[in-house]
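For reference, the structure is listed below as structure tokens.
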Amino acid sequence: MWKGEHFNPDMRWMISLILIIWTLYLGSNKSENVITPSECSATFYQNGCTYYRDSNCQVVAQSCD
């Protein structure tokens with residue numbers, strides 16, 4: 001995109017800026033869905049639902065909005 005003549009300079013910067021913002025957005029949401037082993041008996045949120053787990057990491061209840 002940057003080397004060819006397909007896009008004018010304004011369009012190149014616009015596409016690059018959108019990709020950067022999109023990458024940052026995806027990176028910030030990723031931590032919400034990550035489950036670490038130390039959090040087994042905990043509550044976590046994913047896709048608008050609340051999940052409750054026991055100490056064996058099994059989901060014992062869920063509640064969706």
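Just so we're on the same page: first chain in the structure tokens is A, next is B, and so on; residues restart at 1 for each chain, and ligands are numbered from 1 in the order they show up.
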
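Within 6 Å of Tyr52 (chain A), once only C-alpha atoms are used and residues closer than 2 positions along the same chain are dropped, the contacting residues are Thr43, Val59, Val60 and Ala61 of chain A.
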
Go ahead and write the residues just picked, C-alpha atoms, as a compact mmCIF listing (two decimals), in the first residue's frame.
# COMPACT_ATOMS: atom_id res chain seq x y z
CA THR A 43 -16.50 -14.90 38.26
CA VAL A 59 -18.84 -23.37 35.12
CA VAL A 60 -21.52 -23.92 37.76
CA ALA A 61 -23.86 -21.05 36.86

Practice problem: Would you mind writing down, as a list in words, each residue of chain A that DSSP on the backbone assigns to strand (DSSP E)? | Solution: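 Strand (DSSP E) members of chain A, listed: Thr43, Phe44, Tyr45, Gln46, Cys49, Thr50, Tyr51, Tyr52, Arg53, Val59, Val60, Ala61, Gln62, Ser63 and Cys64 of chain A.
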
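Coordinates place CA of Asn47 (chain A) at a distance of 19.0 Å from CA of Thr23 (chain A).
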
Quiz item: When you draw a straight line from CA of Asp10 (chain A) to CA of Trp22 (chain A), how long is it in Å?
Solution: 18.3 Å

Quiz item: How many Å lie between CA of Ser63 (chain A) and CA of Cys49 (chain A), rounded to one decimal?
Solution: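 One can read the CA of Ser63 (chain A) to CA of Cys49 (chain A) distance as 5.6 Å.
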
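The residues of chain A that DSSP assigns to helix (DSSP H, G or I) on this backbone come out as Pro9, Asp10, Met11, Arg12, Trp13, Met14, Ile15, Ser16, Leu17, Ile18, Leu19, Ile20, Ile21, Trp22, Thr23, Leu24, Tyr25, Leu26, Gly27, Ser28, Asn29, Lys30, Ser31, Glu32, Asn33, Pro37, Ser38 and Glu39 of chain A.
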
Just-selected residues, C-alpha atoms written as a CSV table (one decimal), in the first residue's frame:
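Final file, result24.csv:
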chain,number,residue,atom,x,y,z
A,9,PRO,CA,-1.1,9.9,0.6
A,10,ASP,CA,-4.3,10.9,2.5
A,11,MET,CA,-5.9,7.5,1.9
A,12,ARG,CA,-2.7,5.7,3.0
A,13,TRP,CA,-2.7,7.6,6.3
A,14,MET,CA,-6.4,7.1,6.8
A,15,ILE,CA,-6.2,3.3,6.3
A,16,SER,CA,-3.1,3.1,8.5
A,17,LEU,CA,-4.8,5.1,11.3
A,18,ILE,CA,-7.9,2.9,11.1
A,19,LEU,CA,-5.8,-0.3,11.3
A,20,ILE,CA,-3.9,1.1,14.3
A,21,ILE,CA,-7.1,2.0,16.2
A,22,TRP,CA,-8.6,-1.4,15.3
A,23,THR,CA,-5.6,-3.2,16.6
A,24,LEU,CA,-5.5,-1.2,19.9
A,25,TYR,CA,-9.3,-1.9,20.4
A,26,LEU,CA,-8.9,-5.6,19.9
A,27,GLY,CA,-5.9,-5.7,22.2
A,28,SER,CA,-7.8,-3.9,25.0
A,29,ASN,CA,-10.7,-6.3,24.8
A,30,LYS,CA,-8.6,-9.4,24.7
A,31,SER,CA,-7.7,-9.1,28.4
A,32,GLU,CA,-11.4,-9.3,29.4
A,33,ASN,CA,-11.8,-12.8,27.9
A,37,PRO,CA,-5.4,-20.9,36.0
A,38,SER,CA,-5.1,-18.8,39.2
A,39,GLU,CA,-8.7,-17.5,38.6
